[in-house]
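Source file: upload.pdb; contents: PDB, C-alpha atoms.
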```pdb
ATOM      1  CA  MET I   1      10.067  -2.255  -1.129  1.00  0.00           C
ATOM      2  CA  SER I   2      12.346  -1.497  -4.090  1.00  0.00           C
ATOM      3  CA  ALA I   3      13.854  -5.000  -4.407  1.00  0.00           C
ATOM      4  CA  PRO I   4      11.710  -7.175  -6.717  1.00  0.00           C
ATOM      5  CA  LEU I   5      11.752 -10.134  -4.324  1.00  0.00           C
ATOM      6  CA  GLU I   6      10.399  -7.955  -1.504  1.00  0.00           C
ATOM      7  CA  LEU I   7       7.422  -6.588  -3.438  1.00  0.00           C
ATOM      8  CA  PRO I   8       4.038  -7.480  -1.890  1.00  0.00           C
ATOM      9  CA  VAL I   9       1.916 -10.183  -3.530  1.00  0.00           C
ATOM     10  CA  LEU I  10      -1.784 -10.701  -2.866  1.00  0.00           C
ATOM     11  CA  VAL I  11      -2.596 -14.262  -1.771  1.00  0.00           C
ATOM     12  CA  LEU I  12      -5.979 -15.820  -2.566  1.00  0.00           C
ATOM     13  CA  ASN I  13      -7.340 -19.030  -1.088  1.00  0.00           C
ATOM     14  CA  ARG I  14      -8.666 -21.719  -3.399  1.00  0.00           C
ATOM     15  CA  TYR I  15     -12.031 -19.949  -3.475  1.00  0.00           C
ATOM     16  CA  TRP I  16     -10.276 -16.843  -4.837  1.00  0.00           C
ATOM     17  CA  GLN I  17     -10.846 -14.892  -1.638  1.00  0.00           C
ATOM     18  CA  PRO I  18      -8.022 -12.576  -0.443  1.00  0.00           C
ATOM     19  CA  ILE I  19      -6.508 -13.892   2.778  1.00  0.00           C
ATOM     20  CA  HIS I  20      -3.203 -12.059   3.214  1.00  0.00           C
ATOM     21  CA  THR I  21      -0.087 -10.876   1.433  1.00  0.00           C
ATOM     22  CA  CYS I  22       3.414 -12.277   1.166  1.00  0.00           C
ATOM     23  CA  SER I  23       6.677 -11.208  -0.406  1.00  0.00           C
ATOM     24  CA  ALA I  24       7.405 -12.006  -4.030  1.00  0.00           C
ATOM     25  CA  ARG I  25      10.182 -14.266  -2.704  1.00  0.00           C
ATOM     26  CA  ARG I  26       7.628 -16.364  -0.815  1.00  0.00           C
ATOM     27  CA  ALA I  27       5.227 -16.341  -3.764  1.00  0.00           C
ATOM     28  CA  VAL I  28       7.885 -17.682  -6.143  1.00  0.00           C
ATOM     29  CA  HIS I  29       8.820 -20.345  -3.594  1.00  0.00           C
ATOM     30  CA  LEU I  30       5.177 -21.498  -3.388  1.00  0.00           C
ATOM     31  CA  LEU I  31       5.005 -21.464  -7.187  1.00  0.00           C
ATOM     32  CA  CYS I  32       8.127 -23.643  -7.450  1.00  0.00           C
ATOM     33  CA  LEU I  33       6.690 -26.110  -4.926  1.00  0.00           C
ATOM     34  CA  GLY I  34       3.472 -26.355  -6.909  1.00  0.00           C
ATOM     35  CA  HIS I  35       1.426 -25.047  -3.979  1.00  0.00           C
ATOM     36  CA  ALA I  36       0.250 -21.937  -5.819  1.00  0.00           C
ATOM     37  CA  GLN I  37      -0.360 -20.564  -9.283  1.00  0.00           C
ATOM     38  CA  VAL I  38       0.152 -17.034 -10.534  1.00  0.00           C
ATOM     39  CA  VAL I  39      -2.909 -15.064 -11.593  1.00  0.00           C
ATOM     40  CA  GLN I  40      -2.325 -13.108 -14.801  1.00  0.00           C
ATOM     41  CA  VAL I  41      -3.485  -9.526 -14.239  1.00  0.00           C
ATOM     42  CA  GLU I  42      -3.331  -8.064 -17.734  1.00  0.00           C
ATOM     43  CA  GLY I  43      -4.035  -8.775 -21.375  1.00  0.00           C
ATOM     44  CA  GLU I  44      -6.818 -10.664 -23.116  1.00  0.00           C
ATOM     45  CA  GLU I  45      -6.263 -13.688 -20.878  1.00  0.00           C
ATOM     46  CA  LYS I  46      -6.621 -11.720 -17.654  1.00  0.00           C
ATOM     47  CA  PHE I  47      -7.286 -13.975 -14.627  1.00  0.00           C
ATOM     48  CA  THR I  48      -5.715 -16.978 -16.347  1.00  0.00           C
ATOM     49  CA  THR I  49      -3.603 -18.972 -13.890  1.00  0.00           C
ATOM     50  CA  HIS I  50      -0.027 -20.115 -14.533  1.00  0.00           C
ATOM     51  CA  ASP I  51       2.066 -22.876 -13.033  1.00  0.00           C
ATOM     52  CA  LEU I  52       5.848 -22.433 -12.934  1.00  0.00           C
ATOM     53  CA  MET I  53       6.594 -23.492 -16.508  1.00  0.00           C
ATOM     54  CA  SER I  54       3.692 -21.502 -17.883  1.00  0.00           C
ATOM     55  CA  TRP I  55       4.802 -18.416 -15.927  1.00  0.00           C
ATOM     56  CA  ILE I  56       8.355 -18.763 -17.222  1.00  0.00           C
ATOM     57  CA  GLY I  57       6.956 -18.756 -20.754  1.00  0.00           C
ATOM     58  CA  TYR I  58       4.738 -15.764 -20.023  1.00  0.00           C
ATOM     59  CA  SER I  59       7.717 -13.870 -18.586  1.00  0.00           C
ATOM     60  CA  LYS I  60       9.874 -14.184 -21.702  1.00  0.00           C
ATOM     61  CA  GLY I  61      10.749 -10.807 -23.127  1.00  0.00           C
ATOM     62  CA  LYS I  62       9.401  -8.892 -20.153  1.00  0.00           C
ATOM     63  CA  LEU I  63      11.481  -5.904 -19.088  1.00  0.00           C
ATOM     64  CA  GLY I  64      11.446  -3.450 -16.199  1.00  0.00           C
ATOM     65  CA  ASP I  65      12.098  -3.274 -12.485  1.00  0.00           C
ATOM     66  CA  GLU I  66       9.556  -5.948 -11.594  1.00  0.00           C
ATOM     67  CA  VAL I  67      11.471  -8.828 -13.129  1.00  0.00           C
ATOM     68  CA  ILE I  68      13.515 -11.372 -11.171  1.00  0.00           C
ATOM     69  CA  HIS I  69      16.704 -12.243 -13.013  1.00  0.00           C
ATOM     70  CA  SER I  70      18.742 -15.394 -12.611  1.00  0.00           C
ATOM     71  CA  VAL I  71      21.591 -16.840 -14.653  1.00  0.00           C
ATOM     72  CA  LYS I  72      19.286 -18.778 -16.988  1.00  0.00           C
ATOM     73  CA  LEU I  73      15.975 -16.915 -16.996  1.00  0.00           C
ATOM     74  CA  ALA I  74      13.950 -13.844 -16.119  1.00  0.00           C
ATOM     75  CA  LEU I  75      10.738 -14.233 -14.157  1.00  0.00           C
ATOM     76  CA  SER I  76       8.061 -11.566 -13.866  1.00  0.00           C
ATOM     77  CA  VAL I  77       7.231 -10.710 -10.261  1.00  0.00           C
ATOM     78  CA  PRO I  78       3.770 -12.129  -9.476  1.00  0.00           C
ATOM     79  CA  LYS I  79       1.174  -9.630  -8.311  1.00  0.00           C
ATOM     80  CA  ILE I  80      -1.452 -12.189  -7.260  1.00  0.00           C
ATOM     81  CA  ILE I  81      -1.204 -15.889  -6.489  1.00  0.00           C
ATOM     82  CA  VAL I  82      -3.949 -18.396  -5.746  1.00  0.00           C
ATOM     83  CA  LEU I  83      -3.291 -21.315  -3.407  1.00  0.00           C
ATOM     84  CA  GLY I  84      -4.223 -24.790  -4.513  1.00  0.00           C
ATOM     85  CA  ILE I  85      -5.521 -26.355  -1.310  1.00  0.00           C
ATOM     86  CA  TYR I  86      -5.867 -23.602   1.307  1.00  0.00           C
ATOM     87  CA  ASP I  87      -9.581 -22.984   1.939  1.00  0.00           C
ATOM     88  CA  ARG I  88      -9.617 -21.070   5.219  1.00  0.00           C
ATOM     89  CA  LEU I  89     -11.511 -17.795   5.235  1.00  0.00           C
ATOM     90  CA  PRO I  90      -9.853 -14.376   5.631  1.00  0.00           C
ATOM     91  CA  ARG I  91      -9.109 -13.182   9.148  1.00  0.00           C
ATOM     92  CA  LEU I  92     -11.582 -10.697  10.586  1.00  0.00           C
ATOM     93  CA  ASP I  93      -9.138  -9.218  13.073  1.00  0.00           C
ATOM     94  CA  VAL I  94      -5.766  -7.612  12.449  1.00  0.00           C
ATOM     95  CA  LYS I  95      -2.952  -9.855  13.585  1.00  0.00           C
ATOM     96  CA  PHE I  96      -0.264  -8.129  15.621  1.00  0.00           C
ATOM     97  CA  THR I  97       2.887  -8.496  13.529  1.00  0.00           C
ATOM     98  CA  ARG I  98       5.961  -6.419  12.757  1.00  0.00           C
ATOM     99  CA  ARG I  99       4.803  -5.770   9.207  1.00  0.00           C
ATOM    100  CA  ASN I 100       1.300  -4.754  10.251  1.00  0.00           C
ATOM    101  CA  VAL I 101       2.726  -2.220  12.704  1.00  0.00           C
ATOM    102  CA  PHE I 102       4.723  -0.717   9.838  1.00  0.00           C
ATOM    103  CA  LEU I 103       1.583  -0.640   7.707  1.00  0.00           C
ATOM    104  CA  ARG I 104      -0.382   1.083  10.454  1.00  0.00           C
ATOM    105  CA  ASP I 105       2.366   3.687  10.853  1.00  0.00           C
ATOM    106  CA  LYS I 106       2.754   4.041   7.065  1.00  0.00           C
ATOM    107  CA  PHE I 107       6.430   3.015   7.223  1.00  0.00           C
ATOM    108  CA  THR I 108       7.098   6.279   9.048  1.00  0.00           C
ATOM    109  CA  CYS I 109       9.338   6.599  12.096  1.00  0.00           C
ATOM    110  CA  GLN I 110       7.044   7.901  14.811  1.00  0.00           C
ATOM    111  CA  TYR I 111       9.822  10.026  16.305  1.00  0.00           C
ATOM    112  CA  CYS I 112      11.545  11.789  13.409  1.00  0.00           C
ATOM    113  CA  GLU I 113       8.509  11.332  11.114  1.00  0.00           C
ATOM    114  CA  LYS I 114      10.618  10.267   8.123  1.00  0.00           C
ATOM    115  CA  ILE I 115       9.567   7.443   5.803  1.00  0.00           C
ATOM    116  CA  PHE I 116      11.919   4.444   5.596  1.00  0.00           C
ATOM    117  CA  PRO I 117      12.033   1.138   3.720  1.00  0.00           C
ATOM    118  CA  GLU I 118      10.909  -1.766   5.860  1.00  0.00           C
ATOM    119  CA  ILE I 119      14.431  -3.124   6.378  1.00  0.00           C
ATOM    120  CA  LYS I 120      15.481   0.138   8.032  1.00  0.00           C
ATOM    121  CA  LEU I 121      12.656   0.198  10.577  1.00  0.00           C
ATOM    122  CA  ASN I 122      12.470  -1.283  14.065  1.00  0.00           C
ATOM    123  CA  LEU I 123       9.699  -1.768  16.580  1.00  0.00           C
ATOM    124  CA  ASP I 124       9.933   0.495  19.617  1.00  0.00           C
ATOM    125  CA  HIS I 125       8.239  -0.035  22.969  1.00  0.00           C
ATOM    126  CA  VAL I 126       6.900   3.414  23.896  1.00  0.00           C
ATOM    127  CA  ILE I 127       6.949   2.287  27.528  1.00  0.00           C
ATOM    128  CA  PRO I 128      10.058   0.053  27.740  1.00  0.00           C
ATOM    129  CA  ARG I 129       9.552  -3.577  28.710  1.00  0.00           C
ATOM    130  CA  ASP I 130      11.802  -3.232  31.757  1.00  0.00           C
ATOM    131  CA  LYS I 131       9.460  -0.485  32.953  1.00  0.00           C
ATOM    132  CA  GLY I 132       6.303  -2.551  32.558  1.00  0.00           C
ATOM    133  CA  GLY I 133       5.524  -1.854  28.893  1.00  0.00           C
ATOM    134  CA  LYS I 134       3.772  -4.580  26.926  1.00  0.00           C
ATOM    135  CA  THR I 135       4.383  -5.816  23.405  1.00  0.00           C
ATOM    136  CA  SER I 136       0.977  -4.830  22.097  1.00  0.00           C
ATOM    137  CA  TRP I 137      -0.717  -2.578  19.561  1.00  0.00           C
ATOM    138  CA  ASP I 138      -1.065   0.293  22.036  1.00  0.00           C
ATOM    139  CA  ASN I 139       2.593   0.317  23.116  1.00  0.00           C
ATOM    140  CA  ILE I 140       4.519  -0.403  19.905  1.00  0.00           C
ATOM    141  CA  VAL I 141       5.441   2.060  17.162  1.00  0.00           C
ATOM    142  CA  ALA I 142       7.634   2.037  14.070  1.00  0.00           C
ATOM    143  CA  SER I 143      11.009   3.640  14.660  1.00  0.00           C
ATOM    144  CA  CYS I 144      14.115   4.154  12.556  1.00  0.00           C
ATOM    145  CA  VAL I 145      17.382   2.698  13.835  1.00  0.00           C
ATOM    146  CA  LYS I 146      18.772   6.088  14.805  1.00  0.00           C
ATOM    147  CA  CYS I 147      15.731   7.124  16.853  1.00  0.00           C
ATOM    148  CA  ASN I 148      15.391   3.671  18.365  1.00  0.00           C
ATOM    149  CA  THR I 149      18.996   3.797  19.546  1.00  0.00           C
ATOM    150  CA  ARG I 150      18.630   7.327  20.858  1.00  0.00           C
ATOM    151  CA  LYS I 151      15.488   6.524  22.857  1.00  0.00           C
ATOM    152  CA  SER I 152      16.950   3.261  24.137  1.00  0.00           C
ATOM    153  CA  ASN I 153      15.000   1.967  27.153  1.00  0.00           C
ATOM    154  CA  LYS I 154      13.928   5.380  28.386  1.00  0.00           C
ATOM    155  CA  LEU I 155      10.398   6.587  29.004  1.00  0.00           C
ATOM    156  CA  PRO I 156       9.170   9.163  26.458  1.00  0.00           C
ATOM    157  CA  LYS I 157       9.445  11.922  29.053  1.00  0.00           C
ATOM    158  CA  GLU I 158      12.989  10.866  30.012  1.00  0.00           C
ATOM    159  CA  ALA I 159      14.144  10.782  26.399  1.00  0.00           C
ATOM    160  CA  GLY I 160      12.164  13.833  25.352  1.00  0.00           C
ATOM    161  CA  MET I 161      10.758  11.697  22.530  1.00  0.00           C
ATOM    162  CA  HIS I 162       7.028  11.188  22.055  1.00  0.00           C
ATOM    163  CA  PRO I 163       5.355   9.284  19.191  1.00  0.00           C
ATOM    164  CA  ALA I 164       3.852  11.508  16.518  1.00  0.00           C
ATOM    165  CA  ASN I 165       0.714   9.368  16.667  1.00  0.00           C
ATOM    166  CA  GLU I 166      -0.665   7.456  19.615  1.00  0.00           C
ATOM    167  CA  PRO I 167      -0.349   3.720  18.912  1.00  0.00           C
ATOM    168  CA  TYR I 168      -3.621   1.831  18.490  1.00  0.00           C
ATOM    169  CA  ALA I 169      -5.056  -1.440  17.225  1.00  0.00           C
ATOM    170  CA  PRO I 170      -6.118  -0.833  13.604  1.00  0.00           C
ATOM    171  CA  ARG I 171      -9.552  -1.861  12.423  1.00  0.00           C
ATOM    172  CA  TRP I 172      -8.607  -2.339   8.795  1.00  0.00           C
ATOM    173  CA  ARG I 173      -7.439  -5.648   7.453  1.00  0.00           C
ATOM    174  CA  PRO I 174      -3.762  -5.525   6.453  1.00  0.00           C
ATOM    175  CA  LEU I 175      -4.743  -5.999   2.822  1.00  0.00           C
ATOM    176  CA  TYR I 176      -6.633  -2.732   2.849  1.00  0.00           C
ATOM    177  CA  GLY I 177      -3.810  -1.116   4.788  1.00  0.00           C
ATOM    178  CA  LEU I 178      -1.459  -1.868   1.927  1.00  0.00           C
ATOM    179  CA  GLN I 179      -3.845  -0.251  -0.524  1.00  0.00           C
ATOM    180  CA  GLU I 180      -4.334   2.817   1.654  1.00  0.00           C
ATOM    181  CA  ASN I 181      -0.579   3.301   1.905  1.00  0.00           C
ATOM    182  CA  GLY I 182      -0.062   3.000  -1.837  1.00  0.00           C
ATOM    183  CA  LEU I 183       1.913  -0.244  -1.468  1.00  0.00           C
ATOM    184  CA  GLY I 184      -0.520  -2.676  -3.060  1.00  0.00           C
ATOM    185  CA  ASP I 185      -1.039  -3.113  -6.787  1.00  0.00           C
ATOM    186  CA  GLU I 186      -4.125  -1.754  -8.538  1.00  0.00           C
ATOM    187  CA  SER I 187      -4.772  -5.249  -9.892  1.00  0.00           C
ATOM    188  CA  TRP I 188      -5.773  -6.237  -6.334  1.00  0.00           C
ATOM    189  CA  ASP I 189      -8.844  -3.997  -6.463  1.00  0.00           C
ATOM    190  CA  HIS I 190     -10.941  -6.646  -8.188  1.00  0.00           C
ATOM    191  CA  PHE I 191     -10.520  -8.936  -5.191  1.00  0.00           C
ATOM    192  CA  LEU I 192     -10.359  -6.440  -2.329  1.00  0.00           C
ATOM    193  CA  HIS I 193     -13.423  -4.548  -3.476  1.00  0.00           C
ATOM    194  CA  HIS I 194     -15.391  -7.362  -5.059  1.00  0.00           C
ATOM    195  CA  ASP I 195     -18.610  -5.911  -3.658  1.00  0.00           C
ATOM    196  CA  LYS I 196     -18.287  -3.105  -6.187  1.00  0.00           C
ATOM    197  CA  LYS I 197     -17.528  -5.351  -9.134  1.00  0.00           C
ATOM    198  CA  GLU I 198     -18.750  -8.530 -10.650  1.00  0.00           C
ATOM    199  CA  THR I 199     -17.645 -11.492  -8.590  1.00  0.00           C
ATOM    200  CA  LEU I 200     -15.042 -13.591 -10.328  1.00  0.00           C
ATOM    201  CA  LYS I 201     -16.138 -17.131 -10.966  1.00  0.00           C
ATOM    202  CA  SER I 202     -13.297 -19.574 -11.173  1.00  0.00           C
ATOM    203  CA  ALA I 203     -13.472 -22.986 -12.745  1.00  0.00           C
TER     204      ALA I 203
END
```
Could you render the structure from this file as structure tokens?
Amino acid sequence: MSAPLELPVLVLNRYWQPIHTCSARRAVHLLCLGHAQVVQVEGEEKFTTHDLMSWIGYSKGKLGDEVIHSVKLALSVPKIIVLGIYDRLPRLDVKFTRRNVFLRDKFTCQYCEKIFPEIKLNLDHVIPRDKGGKTSWDNIVASCVKCNTRKSNKLPKEAGMHPANEPYAPRWRPLYGLQENGLGDESWDHFLHHDKKETLKSA
């Protein structure tokens, strides 16, 4: 998560409802295509939206780790973007994806119980596929490369390696999972917990 382009960005639909997250890389790509605008999360003009040129201007003079540098300019990493035409509602279930497994397991290898950056984690079938194991919430855990290699295609009993936590299908939405794991930005709270705050009315 340390690389600016890999930082998580909250994605809102055109009704300003949170629908999922993406990487800063993807957010900047959508901004460049004109498919999304960046939501300003600080200052007197909080919640103002910026297109690419406006965001470039806003980013001038910004310093710190959350700035994307290129040869000609520096661009602040967006924290929230709003899509221009997407109007689908947020998912009610938790989609089974690599990233959501890592979120459920708090980016912790379930065998050595050490925390790793996302790029150093793999998905491990607790019951190997060649022994009838399925690729599903209740048979997949996060595993570091070393533990994944050591376990190979063995059963937990054969390898003497058992997950620290029994795998399960989470009930939280991934957006809340990010917050619970300290990976989301506090600026997201307004949208993730809108029931506790005044609902934002966009023009």
Legend entry - Residue contacts of I:Ala36 (6 Å, only C-alpha atoms) excluding same-chain residues fewer than 3 positions away, as a list in words: Leu30, Leu31, Val82, Leu83 and Gly84 of chain I
Inset, instruction - Using only C-alpha atoms, pick whichever of I:Thr108, I:Lys46, I:Thr21, I:Leu52 has the shortest atom-to-atom distance to I:Leu33. - result: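 Using only C-alpha atoms, I:Leu33 sits closest to I:Leu52.
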Legend entry - Closest of I:His125, I:Ile119, I:Leu155, I:Pro167 to I:Asp138 - atom-to-atom distances counting only C-alpha atoms: I:Pro167
Legend entry - Separation of atom CA of I:Trp55 from atom CA of I:Gln40, in Å and rounded to one decimal: 9.0 Å
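With distances restricted to all atoms listed in the file, I:Asn165 is the closest residue to I:Gln110 from I:Asn165, I:Gln17, I:Ser152, I:Gln37.
The interatomic distance for the pair atom CA of I:Lys131 and atom CA of I:Arg104 works out to 24.6 Å.
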Name all residues at most 10 Å from I:Phe107 (count only C-alpha atoms; drop same-chain ones fewer than 3 positions away) and give them as a PDB file with C-alpha atoms, keeping the file's coordinate frame.
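Final output, part00.pdb:
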```pdb
ATOM      1  CA  ARG I  99       4.803  -5.770   9.207  1.00  0.00           C
ATOM      2  CA  ASN I 100       1.300  -4.754  10.251  1.00  0.00           C
ATOM      3  CA  VAL I 101       2.726  -2.220  12.704  1.00  0.00           C
ATOM      4  CA  PHE I 102       4.723  -0.717   9.838  1.00  0.00           C
ATOM      5  CA  LEU I 103       1.583  -0.640   7.707  1.00  0.00           C
ATOM      6  CA  ARG I 104      -0.382   1.083  10.454  1.00  0.00           C
ATOM      7  CA  GLN I 110       7.044   7.901  14.811  1.00  0.00           C
ATOM      8  CA  GLU I 113       8.509  11.332  11.114  1.00  0.00           C
ATOM      9  CA  LYS I 114      10.618  10.267   8.123  1.00  0.00           C
ATOM     10  CA  ILE I 115       9.567   7.443   5.803  1.00  0.00           C
ATOM     11  CA  PHE I 116      11.919   4.444   5.596  1.00  0.00           C
ATOM     12  CA  PRO I 117      12.033   1.138   3.720  1.00  0.00           C
ATOM     13  CA  GLU I 118      10.909  -1.766   5.860  1.00  0.00           C
ATOM     14  CA  LYS I 120      15.481   0.138   8.032  1.00  0.00           C
ATOM     15  CA  LEU I 121      12.656   0.198  10.577  1.00  0.00           C
ATOM     16  CA  ALA I 142       7.634   2.037  14.070  1.00  0.00           C
ATOM     17  CA  SER I 143      11.009   3.640  14.660  1.00  0.00           C
ATOM     18  CA  CYS I 144      14.115   4.154  12.556  1.00  0.00           C
ATOM     19  CA  ASN I 181      -0.579   3.301   1.905  1.00  0.00           C
TER      20      ASN I 181
END
```
